[in-house]
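See below for the structure under consideration.
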Amino acid sequence: MSEVGASATGLRSRAFRVLLASWGASSIGDGVLTAALPLFTAVSTRDPLSVSIVAVASVLPWLVVALLAGALVDRWSPRTTLIVSLVVRSGLTLSLGVLIMLGSANVAVLAVSAFMLSSAETFADSAGQKLLVALAGRSELERANGRVVSAETAGVEIAGPLAAAGLFAWKPEFCFLAVGVTFVVAGLLAATVSVRVERPAKRETTALRTEVLEGLRFLVRQRTLRVVVGVVGLTAFLTSGVNAVAFLYAIESLHLPVASVATLLVCTAVGALAAAPLASKLALRWGSGRVMICALFVLAVGIATLGVGRSQWAAWVAYLVMGVGAGAWNVLSSANRQRLTPPPLMGRVTSAHRVLAWGLMPLGAALAGPVAAMTSLRAVIIGAAVVVMAIALLSAPRLLGVAQAMGRAEVEEVVESSPG
């Protein structure tokens, strides 16, 4: 069955270009929001507890809403879900901007807004992944994800924060009004996307809990996918710990000027932008598994450079190298996850991946401080680099089998779709 009329697909199709433009517009909005919401909370409350409450509210939906969102996206039209999610996010941010303008945005309003915005984002994320696979086709997923990672990086880590800085200096509420506009633009673009999306054959209605567990079971039982998600979770745990102490380390140990600290994030973005298109080309020549292993080693080298460096330039080089490693890994791990996942499970597996892969990030950030207090900031960073290298070595045999795993998945999909 088709969601709407058939249209040309592939990276050169109009539908894919429009979806990418929608993704880029919403990424700019996310970048502004990511910078403006915690900044406004800090400036308006001057209270660490309030900042913490809003920060938790922003990430909590990825743990408590994402699995349900993935199951519902697999039931619903992904295009319609994406549009509705963007409209909801636009309404929320425009309303928040008005409340700030009226002086009525207290901590409760900020926390509720943060939770609802991230909840809507979990639906948009799963729906966007389904549309990406349907439009790009499984043979071009590496290149498609490379373009998506580039668009997200440019929007979330460069354009969005820069726009937020200018708008916030003008009037804080303009940040949220601008975000609302970007989500409207993204929704209008998504509304013009026409694509065929496979829907599962009609079957007896099952409980959402059963469908959520079905996605989790698939993710855990698919061996190669399980290794990829495990690597993502462990590296996220380690890098979140590094990020928690890196700025303080750069200022105190490398004597980086406070005003220059934000440029480290720009270096990461530049590295990811450079790696995104390169990763797909290297994967075609050497295979996804080899490039993914190399990406982990590059990430480890970047972290190690930060830890062993003795001058300011080490911080910028380290973040640039980390961006290259993380960017290449994100492109290929996303493509392989999508290729190994049957279309009817795409929403649930995407959400389950987010929960399992990102669930350790708060723990990594929480442990980094106490460990640094018992040892040193440098020890935390170098220790993380060593562990990432160990993860690369231990996961290498399974990652080298990515091609074989994808071949088996494609054969199983053909068999399951064959009549009788």
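Naming works like this for the structure tokens: A, B, ... for the chains as they're shown, residue 1 at the start of each chain, ligands 1 onward in shown order.
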
Near range 351-367 of chain A, within 7 Å and counting only C-alpha atoms, which residues show up once chain neighbours fewer than 6 positions away are dropped, as a PyMOL selection string? chain A and resi 62-63+66-67+70+126+215-216+229-230+232-233+236-238+240-241+244

Measuring atom to atom with only C-alpha atoms, identify which of A:Thr350, A:Asn106, A:Thr93, A:Thr192 is nearest to Cys175 in chain A. A:Thr93

I'd like the contact shell of Val291 in chain A - 9 Å cut-off, only C-alpha atoms, skipping same-chain residues fewer than 6 positions apart - returned as a short mmCIF file (atom, residue, chain, number, x, y, z; two decimals) with N, CA and C atoms, in the first residue's frame.
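Dumped to result-v5.cif:
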```cif
data_model
loop_
_atom_site.label_atom_id
_atom_site.label_comp_id
_atom_site.auth_asym_id
_atom_site.auth_seq_id
_atom_site.Cartn_x
_atom_site.Cartn_y
_atom_site.Cartn_z
N ALA A 279 32.62 9.65 4.67
CA ALA A 279 32.39 8.33 5.25
C ALA A 279 31.70 7.40 4.26
N LEU A 282 34.19 6.26 1.57
CA LEU A 282 35.15 5.28 2.08
C LEU A 282 34.47 3.93 2.31
N ALA A 283 33.21 3.96 2.74
CA ALA A 283 32.49 2.71 2.99
C ALA A 283 32.30 1.93 1.70
N ALA A 328 31.72 10.42 11.15
CA ALA A 328 31.79 9.22 10.30
C ALA A 328 31.02 8.07 10.93
N TRP A 329 31.19 7.88 12.24
CA TRP A 329 30.46 6.80 12.92
C TRP A 329 28.95 7.01 12.81
N LEU A 332 27.48 6.05 9.29
CA LEU A 332 27.48 4.63 8.94
C LEU A 332 26.65 3.80 9.90
#
```

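Distances from A:Leu208, A:Leu132, A:Val65, A:Val59 to Val148 in chain A were compared using only C-alpha atoms, and the smallest one belongs to A:Leu132.
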
Please produce, as JSON lines, a per-residue contact table for range 179-251 of chain A versus range 108-117 of chain A (criterion: any atom at most 12 Å away, only C-alpha atoms considered), showing the nearest atom pair and its distance in Å to one decimal, sorted by chain then residue number.
```
{"residue": "A:Val179", "atom": "CA", "partner": "A:Leu117", "partner_atom": "CA", "distance": 11.4}
{"residue": "A:Gly180", "atom": "CA", "partner": "A:Leu117", "partner_atom": "CA", "distance": 11.2}
{"residue": "A:Phe183", "atom": "CA", "partner": "A:Leu117", "partner_atom": "CA", "distance": 11.4}
```
